[in-house]
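Just coords_20.cif here, mmCIF, N, CA and C atoms:
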```cif
data_final
loop_
_atom_site.group_PDB
_atom_site.id
_atom_site.type_symbol
_atom_site.label_atom_id
_atom_site.label_comp_id
_atom_site.auth_asym_id
_atom_site.auth_seq_id
_atom_site.Cartn_x
_atom_site.Cartn_y
_atom_site.Cartn_z
ATOM 1 N N MET A 1 29.277 -9.257 -27.795
ATOM 2 C CA MET A 1 28.302 -9.638 -26.807
ATOM 3 C C MET A 1 27.139 -10.314 -27.533
ATOM 4 N N GLY A 2 26.787 -11.468 -27.073
ATOM 5 C CA GLY A 2 25.719 -12.207 -27.721
ATOM 6 C C GLY A 2 24.340 -11.731 -27.324
ATOM 7 N N LYS A 3 23.379 -12.155 -28.128
ATOM 8 C CA LYS A 3 21.992 -11.757 -27.890
ATOM 9 C C LYS A 3 21.472 -12.319 -26.565
ATOM 10 N N LYS A 4 21.891 -13.533 -26.238
ATOM 11 C CA LYS A 4 21.449 -14.166 -24.998
ATOM 12 C C LYS A 4 22.002 -13.413 -23.777
ATOM 13 N N LEU A 5 23.229 -12.952 -23.868
ATOM 14 C CA LEU A 5 23.836 -12.213 -22.766
ATOM 15 C C LEU A 5 23.136 -10.867 -22.562
ATOM 16 N N LYS A 6 22.798 -10.196 -23.653
ATOM 17 C CA LYS A 6 22.087 -8.922 -23.561
ATOM 18 C C LYS A 6 20.727 -9.100 -22.900
ATOM 19 N N LEU A 7 20.008 -10.142 -23.293
ATOM 20 C CA LEU A 7 18.701 -10.412 -22.690
ATOM 21 C C LEU A 7 18.827 -10.737 -21.207
ATOM 22 N N THR A 8 19.873 -11.469 -20.846
ATOM 23 C CA THR A 8 20.099 -11.810 -19.452
ATOM 24 C C THR A 8 20.371 -10.558 -18.631
ATOM 25 N N ILE A 9 21.172 -9.645 -19.166
ATOM 26 C CA ILE A 9 21.475 -8.400 -18.462
ATOM 27 C C ILE A 9 20.217 -7.549 -18.302
ATOM 28 N N ILE A 10 19.443 -7.412 -19.359
ATOM 29 C CA ILE A 10 18.206 -6.631 -19.303
ATOM 30 C C ILE A 10 17.230 -7.242 -18.306
ATOM 31 N N PHE A 11 17.063 -8.546 -18.347
ATOM 32 C CA PHE A 11 16.171 -9.235 -17.418
ATOM 33 C C PHE A 11 16.646 -9.053 -15.980
ATOM 34 N N SER A 12 17.944 -9.144 -15.750
ATOM 35 C CA SER A 12 18.503 -8.968 -14.406
ATOM 36 C C SER A 12 18.264 -7.556 -13.884
ATOM 37 N N LEU A 13 18.412 -6.553 -14.751
ATOM 38 C CA LEU A 13 18.171 -5.177 -14.342
ATOM 39 C C LEU A 13 16.703 -4.942 -13.996
ATOM 40 N N ILE A 14 15.810 -5.546 -14.753
ATOM 41 C CA ILE A 14 14.378 -5.422 -14.471
ATOM 42 C C ILE A 14 14.050 -6.058 -13.125
ATOM 43 N N ILE A 15 14.578 -7.231 -12.862
ATOM 44 C CA ILE A 15 14.349 -7.917 -11.584
ATOM 45 C C ILE A 15 14.927 -7.095 -10.432
ATOM 46 N N LEU A 16 16.120 -6.532 -10.622
ATOM 47 C CA LEU A 16 16.737 -5.705 -9.591
ATOM 48 C C LEU A 16 15.880 -4.481 -9.284
ATOM 49 N N PHE A 17 15.369 -3.827 -10.325
ATOM 50 C CA PHE A 17 14.513 -2.661 -10.129
ATOM 51 C C PHE A 17 13.244 -3.034 -9.363
ATOM 52 N N ILE A 18 12.628 -4.143 -9.706
ATOM 53 C CA ILE A 18 11.403 -4.582 -9.025
ATOM 54 C C ILE A 18 11.686 -4.886 -7.556
ATOM 55 N N VAL A 19 12.792 -5.569 -7.278
ATOM 56 C CA VAL A 19 13.147 -5.899 -5.892
ATOM 57 C C VAL A 19 13.415 -4.626 -5.095
ATOM 58 N N LEU A 20 14.152 -3.678 -5.670
ATOM 59 C CA LEU A 20 14.420 -2.414 -4.980
ATOM 60 C C LEU A 20 13.138 -1.628 -4.736
ATOM 61 N N TYR A 21 12.258 -1.601 -5.722
ATOM 62 C CA TYR A 21 11.002 -0.863 -5.588
ATOM 63 C C TYR A 21 10.168 -1.413 -4.435
ATOM 64 N N TYR A 22 10.000 -2.724 -4.376
ATOM 65 C CA TYR A 22 9.170 -3.311 -3.322
ATOM 66 C C TYR A 22 9.870 -3.325 -1.976
ATOM 67 N N SER A 23 11.190 -3.381 -1.955
ATOM 68 C CA SER A 23 11.881 -3.325 -0.668
ATOM 69 C C SER A 23 11.761 -1.942 -0.043
ATOM 70 N N MET A 24 11.489 -0.928 -0.866
ATOM 71 C CA MET A 24 11.297 0.423 -0.348
ATOM 72 C C MET A 24 9.843 0.681 0.024
ATOM 73 N N SER A 25 9.031 -0.358 0.103
ATOM 74 C CA SER A 25 7.614 -0.204 0.435
ATOM 75 C C SER A 25 7.291 -0.623 1.858
ATOM 76 N N PHE A 26 8.301 -0.950 2.668
ATOM 77 C CA PHE A 26 8.052 -1.387 4.039
ATOM 78 C C PHE A 26 8.071 -0.241 5.034
ATOM 79 N N SER A 27 8.740 0.838 4.717
ATOM 80 C CA SER A 27 8.879 1.960 5.634
ATOM 81 C C SER A 27 8.211 3.197 5.045
ATOM 82 N N ASN A 28 7.496 3.931 5.881
ATOM 83 C CA ASN A 28 6.838 5.132 5.376
ATOM 84 C C ASN A 28 7.861 6.157 4.898
ATOM 85 N N GLN A 29 8.996 6.255 5.563
ATOM 86 C CA GLN A 29 10.025 7.198 5.133
ATOM 87 C C GLN A 29 10.595 6.826 3.770
ATOM 88 N N LEU A 30 10.805 5.534 3.532
ATOM 89 C CA LEU A 30 11.326 5.112 2.228
ATOM 90 C C LEU A 30 10.302 5.334 1.118
ATOM 91 N N VAL A 31 9.028 5.148 1.434
ATOM 92 C CA VAL A 31 7.982 5.404 0.438
ATOM 93 C C VAL A 31 7.949 6.891 0.081
ATOM 94 N N ILE A 32 8.076 7.744 1.085
ATOM 95 C CA ILE A 32 8.084 9.189 0.827
ATOM 96 C C ILE A 32 9.313 9.570 0.012
ATOM 97 N N ARG A 33 10.478 9.038 0.368
ATOM 98 C CA ARG A 33 11.707 9.334 -0.386
ATOM 99 C C ARG A 33 11.594 8.842 -1.832
ATOM 100 N N ARG A 34 11.034 7.656 -2.018
ATOM 101 C CA ARG A 34 10.849 7.115 -3.366
ATOM 102 C C ARG A 34 9.907 8.013 -4.168
ATOM 103 N N THR A 35 8.839 8.488 -3.545
ATOM 104 C CA THR A 35 7.891 9.371 -4.223
ATOM 105 C C THR A 35 8.550 10.678 -4.619
ATOM 106 N N ILE A 36 9.325 11.248 -3.707
ATOM 107 C CA ILE A 36 10.045 12.490 -4.014
ATOM 108 C C ILE A 36 11.029 12.261 -5.157
ATOM 109 N N PHE A 37 11.745 11.148 -5.121
ATOM 110 C CA PHE A 37 12.733 10.830 -6.156
ATOM 111 C C PHE A 37 12.083 10.706 -7.528
ATOM 112 N N PHE A 38 10.997 9.957 -7.611
ATOM 113 C CA PHE A 38 10.343 9.729 -8.900
ATOM 114 C C PHE A 38 9.569 10.950 -9.404
ATOM 115 N N ASN A 39 9.405 11.967 -8.568
ATOM 116 C CA ASN A 39 8.778 13.210 -9.007
ATOM 117 C C ASN A 39 9.807 14.255 -9.399
ATOM 118 N N GLY A 40 11.059 13.857 -9.548
ATOM 119 C CA GLY A 40 12.071 14.744 -10.098
ATOM 120 C C GLY A 40 12.920 15.498 -9.098
ATOM 121 N N PHE A 41 12.990 15.017 -7.869
ATOM 122 C CA PHE A 41 13.806 15.677 -6.856
ATOM 123 C C PHE A 41 14.795 14.671 -6.244
ATOM 124 N N PRO A 42 15.796 14.196 -7.010
ATOM 125 C CA PRO A 42 16.681 13.150 -6.500
ATOM 126 C C PRO A 42 17.536 13.583 -5.306
ATOM 127 N N ILE A 43 18.045 14.803 -5.311
ATOM 128 C CA ILE A 43 18.879 15.259 -4.189
ATOM 129 C C ILE A 43 18.025 15.457 -2.944
ATOM 130 N N SER A 44 16.861 16.055 -3.113
ATOM 131 C CA SER A 44 15.964 16.276 -1.974
ATOM 132 C C SER A 44 15.444 14.959 -1.404
ATOM 133 N N ALA A 45 15.332 13.943 -2.225
ATOM 134 C CA ALA A 45 14.882 12.639 -1.734
ATOM 135 C C ALA A 45 15.879 12.064 -0.727
ATOM 136 N N ILE A 46 17.139 12.387 -0.912
ATOM 137 C CA ILE A 46 18.176 11.883 -0.010
ATOM 138 C C ILE A 46 18.305 12.773 1.222
ATOM 139 N N THR A 47 18.196 14.083 1.031
ATOM 140 C CA THR A 47 18.497 15.019 2.115
ATOM 141 C C THR A 47 17.281 15.520 2.883
ATOM 142 N N ALA A 48 16.079 15.266 2.405
ATOM 143 C CA ALA A 48 14.874 15.804 3.061
ATOM 144 C C ALA A 48 14.695 15.219 4.455
ATOM 145 N N ASP A 49 14.236 16.055 5.360
ATOM 146 C CA ASP A 49 13.931 15.628 6.713
ATOM 147 C C ASP A 49 12.489 15.111 6.719
ATOM 148 N N ILE A 50 12.324 13.834 6.989
ATOM 149 C CA ILE A 50 11.007 13.193 6.949
ATOM 150 C C ILE A 50 10.546 12.957 8.389
ATOM 151 N N GLN A 51 9.322 13.350 8.693
ATOM 152 C CA GLN A 51 8.783 13.151 10.041
ATOM 153 C C GLN A 51 8.472 11.681 10.286
ATOM 154 N N ASN A 52 8.541 11.276 11.547
ATOM 155 C CA ASN A 52 8.294 9.881 11.908
ATOM 156 C C ASN A 52 6.823 9.562 12.096
ATOM 157 N N GLU A 53 6.064 10.524 12.586
ATOM 158 C CA GLU A 53 4.647 10.303 12.854
ATOM 159 C C GLU A 53 3.803 11.006 11.799
ATOM 160 N N PRO A 54 2.685 10.410 11.417
ATOM 161 C CA PRO A 54 1.823 11.056 10.414
ATOM 162 C C PRO A 54 1.205 12.349 10.940
ATOM 163 N N GLU A 55 1.033 13.293 10.034
ATOM 164 C CA GLU A 55 0.400 14.575 10.367
ATOM 165 C C GLU A 55 -1.090 14.367 10.639
ATOM 166 N N SER A 56 -1.696 13.471 9.864
ATOM 167 C CA SER A 56 -3.115 13.161 10.050
ATOM 168 C C SER A 56 -3.382 11.746 9.574
ATOM 169 N N GLN A 57 -4.501 11.205 10.022
ATOM 170 C CA GLN A 57 -4.928 9.880 9.591
ATOM 171 C C GLN A 57 -6.340 9.996 9.059
ATOM 172 N N ASP A 58 -6.572 9.342 7.919
ATOM 173 C CA ASP A 58 -7.850 9.448 7.245
ATOM 174 C C ASP A 58 -8.248 8.058 6.788
ATOM 175 N N LYS A 59 -9.537 7.722 6.855
ATOM 176 C CA LYS A 59 -9.982 6.403 6.396
ATOM 177 C C LYS A 59 -9.783 6.223 4.899
ATOM 178 N N THR A 60 -9.997 7.282 4.141
ATOM 179 C CA THR A 60 -9.899 7.192 2.686
ATOM 180 C C THR A 60 -8.459 7.157 2.205
ATOM 181 N N TYR A 61 -7.625 8.038 2.754
ATOM 182 C CA TYR A 61 -6.261 8.185 2.251
ATOM 183 C C TYR A 61 -5.200 7.527 3.114
ATOM 184 N N GLY A 62 -5.499 7.153 4.323
ATOM 185 C CA GLY A 62 -4.524 6.517 5.204
ATOM 186 C C GLY A 62 -3.725 7.539 5.995
ATOM 187 N N ASP A 63 -2.476 7.212 6.293
ATOM 188 C CA ASP A 63 -1.593 8.097 7.037
ATOM 189 C C ASP A 63 -1.044 9.166 6.109
ATOM 190 N N CYS A 64 -1.143 10.426 6.515
ATOM 191 C CA CYS A 64 -0.687 11.540 5.687
ATOM 192 C C CYS A 64 0.501 12.231 6.337
ATOM 193 N N PHE A 65 1.552 12.420 5.576
ATOM 194 C CA PHE A 65 2.777 13.057 6.037
ATOM 195 C C PHE A 65 2.992 14.332 5.234
ATOM 196 N N VAL A 66 3.273 15.427 5.931
ATOM 197 C CA VAL A 66 3.568 16.693 5.280
ATOM 198 C C VAL A 66 5.077 16.774 5.082
ATOM 199 N N ILE A 67 5.500 17.276 3.927
ATOM 200 C CA ILE A 67 6.925 17.430 3.642
ATOM 201 C C ILE A 67 7.281 18.895 3.830
ATOM 202 N N HIS A 68 8.117 19.164 4.816
ATOM 203 C CA HIS A 68 8.528 20.530 5.137
ATOM 204 C C HIS A 68 9.870 20.825 4.472
ATOM 205 N N ASN A 69 9.863 20.889 3.161
ATOM 206 C CA ASN A 69 11.069 21.192 2.400
ATOM 207 C C ASN A 69 10.661 22.107 1.258
ATOM 208 N N PRO A 70 11.125 23.349 1.237
ATOM 209 C CA PRO A 70 10.679 24.296 0.212
ATOM 210 C C PRO A 70 11.053 23.897 -1.216
ATOM 211 N N GLU A 71 12.110 23.120 -1.385
ATOM 212 C CA GLU A 71 12.474 22.677 -2.733
ATOM 213 C C GLU A 71 11.443 21.692 -3.281
ATOM 214 N N VAL A 72 10.915 20.849 -2.424
ATOM 215 C CA VAL A 72 9.996 19.790 -2.852
ATOM 216 C C VAL A 72 8.551 20.280 -2.886
ATOM 217 N N SER A 73 8.154 21.056 -1.905
ATOM 218 C CA SER A 73 6.768 21.537 -1.841
ATOM 219 C C SER A 73 6.708 23.000 -2.266
ATOM 220 N N ASN A 74 7.139 23.271 -3.482
ATOM 221 C CA ASN A 74 7.270 24.644 -3.970
ATOM 222 C C ASN A 74 6.041 25.144 -4.725
ATOM 223 N N GLY A 75 5.002 24.355 -4.843
ATOM 224 C CA GLY A 75 3.787 24.797 -5.522
ATOM 225 C C GLY A 75 3.794 24.579 -7.020
ATOM 226 N N SER A 76 4.853 23.993 -7.561
ATOM 227 C CA SER A 76 4.898 23.734 -8.999
ATOM 228 C C SER A 76 4.068 22.499 -9.329
ATOM 229 N N GLU A 77 3.999 22.184 -10.610
ATOM 230 C CA GLU A 77 3.206 21.032 -11.056
ATOM 231 C C GLU A 77 3.750 19.713 -10.516
ATOM 232 N N LYS A 78 5.065 19.613 -10.331
ATOM 233 C CA LYS A 78 5.681 18.377 -9.848
ATOM 234 C C LYS A 78 5.954 18.397 -8.356
ATOM 235 N N SER A 79 5.492 19.410 -7.649
ATOM 236 C CA SER A 79 5.800 19.511 -6.225
ATOM 237 C C SER A 79 5.113 18.403 -5.434
ATOM 238 N N VAL A 80 5.690 18.089 -4.297
ATOM 239 C CA VAL A 80 5.170 17.048 -3.413
ATOM 240 C C VAL A 80 4.963 17.677 -2.036
ATOM 241 N N PRO A 81 3.803 18.309 -1.798
ATOM 242 C CA PRO A 81 3.576 18.950 -0.494
ATOM 243 C C PRO A 81 3.370 17.947 0.635
ATOM 244 N N GLY A 82 2.923 16.779 0.291
ATOM 245 C CA GLY A 82 2.694 15.741 1.285
ATOM 246 C C GLY A 82 2.371 14.426 0.608
ATOM 247 N N VAL A 83 2.421 13.356 1.382
ATOM 248 C CA VAL A 83 2.161 12.016 0.854
ATOM 249 C C VAL A 83 1.246 11.286 1.823
ATOM 250 N N CYS A 84 0.190 10.707 1.282
ATOM 251 C CA CYS A 84 -0.716 9.862 2.066
ATOM 252 C C CYS A 84 -0.569 8.431 1.573
ATOM 253 N N MET A 85 -0.618 7.476 2.494
ATOM 254 C CA MET A 85 -0.440 6.073 2.097
ATOM 255 C C MET A 85 -1.177 5.146 3.055
ATOM 256 N N LYS A 86 -1.519 3.990 2.531
ATOM 257 C CA LYS A 86 -2.156 2.945 3.329
ATOM 258 C C LYS A 86 -1.210 1.754 3.402
ATOM 259 N N LYS A 87 -1.440 0.889 4.378
ATOM 260 C CA LYS A 87 -0.620 -0.300 4.549
ATOM 261 C C LYS A 87 -1.507 -1.533 4.361
ATOM 262 N N ASN A 88 -1.029 -2.502 3.578
ATOM 263 C CA ASN A 88 -1.834 -3.699 3.365
ATOM 264 C C ASN A 88 -1.504 -4.760 4.408
ATOM 265 N N ARG A 89 -2.145 -5.884 4.335
ATOM 266 C CA ARG A 89 -1.959 -6.923 5.353
ATOM 267 C C ARG A 89 -0.588 -7.584 5.301
ATOM 268 N N PHE A 90 0.165 -7.405 4.203
ATOM 269 C CA PHE A 90 1.502 -7.976 4.083
ATOM 270 C C PHE A 90 2.579 -7.025 4.592
ATOM 271 N N GLY A 91 2.188 -5.832 5.019
ATOM 272 C CA GLY A 91 3.138 -4.872 5.550
ATOM 273 C C GLY A 91 3.665 -3.878 4.538
ATOM 274 N N PHE A 92 3.187 -3.962 3.290
ATOM 275 C CA PHE A 92 3.608 -3.012 2.261
ATOM 276 C C PHE A 92 2.745 -1.769 2.319
ATOM 277 N N TYR A 93 3.375 -0.616 2.109
ATOM 278 C CA TYR A 93 2.605 0.608 1.930
ATOM 279 C C TYR A 93 2.171 0.654 0.484
ATOM 280 N N TYR A 94 0.932 1.004 0.242
ATOM 281 C CA TYR A 94 0.398 1.054 -1.117
ATOM 282 C C TYR A 94 -0.560 2.221 -1.220
ATOM 283 N N ASP A 95 -1.124 2.422 -2.354
ATOM 284 C CA ASP A 95 -2.095 3.487 -2.596
ATOM 285 C C ASP A 95 -1.533 4.837 -2.151
ATOM 286 N N VAL A 96 -0.346 5.145 -2.652
ATOM 287 C CA VAL A 96 0.329 6.385 -2.301
ATOM 288 C C VAL A 96 -0.341 7.534 -3.064
ATOM 289 N N THR A 97 -0.769 8.553 -2.340
ATOM 290 C CA THR A 97 -1.418 9.715 -2.912
ATOM 291 C C THR A 97 -0.582 10.946 -2.608
ATOM 292 N N ILE A 98 -0.277 11.718 -3.623
ATOM 293 C CA ILE A 98 0.503 12.938 -3.431
ATOM 294 C C ILE A 98 -0.452 14.069 -3.097
ATOM 295 N N GLY A 99 -0.093 14.830 -2.081
ATOM 296 C CA GLY A 99 -0.931 15.934 -1.617
ATOM 297 C C GLY A 99 -1.432 15.630 -0.227
ATOM 298 N N VAL A 100 -1.697 16.653 0.512
ATOM 299 C CA VAL A 100 -2.163 16.469 1.890
ATOM 300 C C VAL A 100 -3.677 16.619 1.901
ATOM 301 N N HIS A 101 -4.355 15.665 2.496
ATOM 302 C CA HIS A 101 -5.821 15.661 2.537
ATOM 303 C C HIS A 101 -6.312 15.838 3.945
#
```
Can you turn what I pasted into structure tokens?
Amino acid sequence: MGKKLKLTIIFSLIILFIVLYYSMSFSNQLVIRRTIFFNGFPISAITADIQNEPESQDKTYGDCFVIHNPEVSNGSEKSVPGVCMKKNRFGFYYDVTIGVH
């Protein structure tokens, strides 16, 4: 395998990861699942029951969703009891904050 082919594969994987990351920023449920996944709960990210409506709305933190899953919100250092997020003018959710405010 040549050096050019290796660089092409690495570059393609980076582009794929970026596209997948931003494509998961349009839906609040996908943002919550992505947050759960990247905090070390891959199975729970797929199987967790995510609510459709926010638990609360705050000017500072945006829409806040509580996660009712004991595996994910277990009180440990990596637990995700809830996720707050804002939406920008392009329709992306951003400024994701872990914890319920």
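Evaluated on this file, the PyMOL selection byres (((chain A and resi 78 and name CA) around 10) and name CA) matches Ile36, Phe38, Asn39, Gly40, Phe41, Val72, Ser73, Asn74, Gly75, Ser76, Glu77, Ser79, Val80, Pro81 and Ile98 of chain A.
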One-decimal distance in Å that lies between atom C of A:Ile43 and atom C of A:Asp63: 22.0 Å
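The space between atom N of A:Val66 and atom C of A:Met85 spans 11.6 Å.
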Nearest residue to A:Val83 from the set A:Leu7, A:Leu13, A:Phe65, A:Arg34 (distances using all atoms listed in the file): A:Phe65
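Put simply, the PyMOL selection byres ((chain A and resi 93) around 8) in this file takes in Met24, Ser25, Phe26, Ser27, Asn28, Val31, Met85, Lys86, Lys87, Asn88, Arg89, Phe90, Gly91, Phe92, Tyr94, Asp95 and Val96 of chain A.
You will find atom CA of A:Ala48 at 18.4 Å from atom CA of A:Thr97.
Matched in the shown structure by the PyMOL selection byres ((chain A and resi 49) around 7): Ser44, Ile46, Thr47, Ala48, Ile50, Gln51, Ile67, His68 and Asn69 of chain A.
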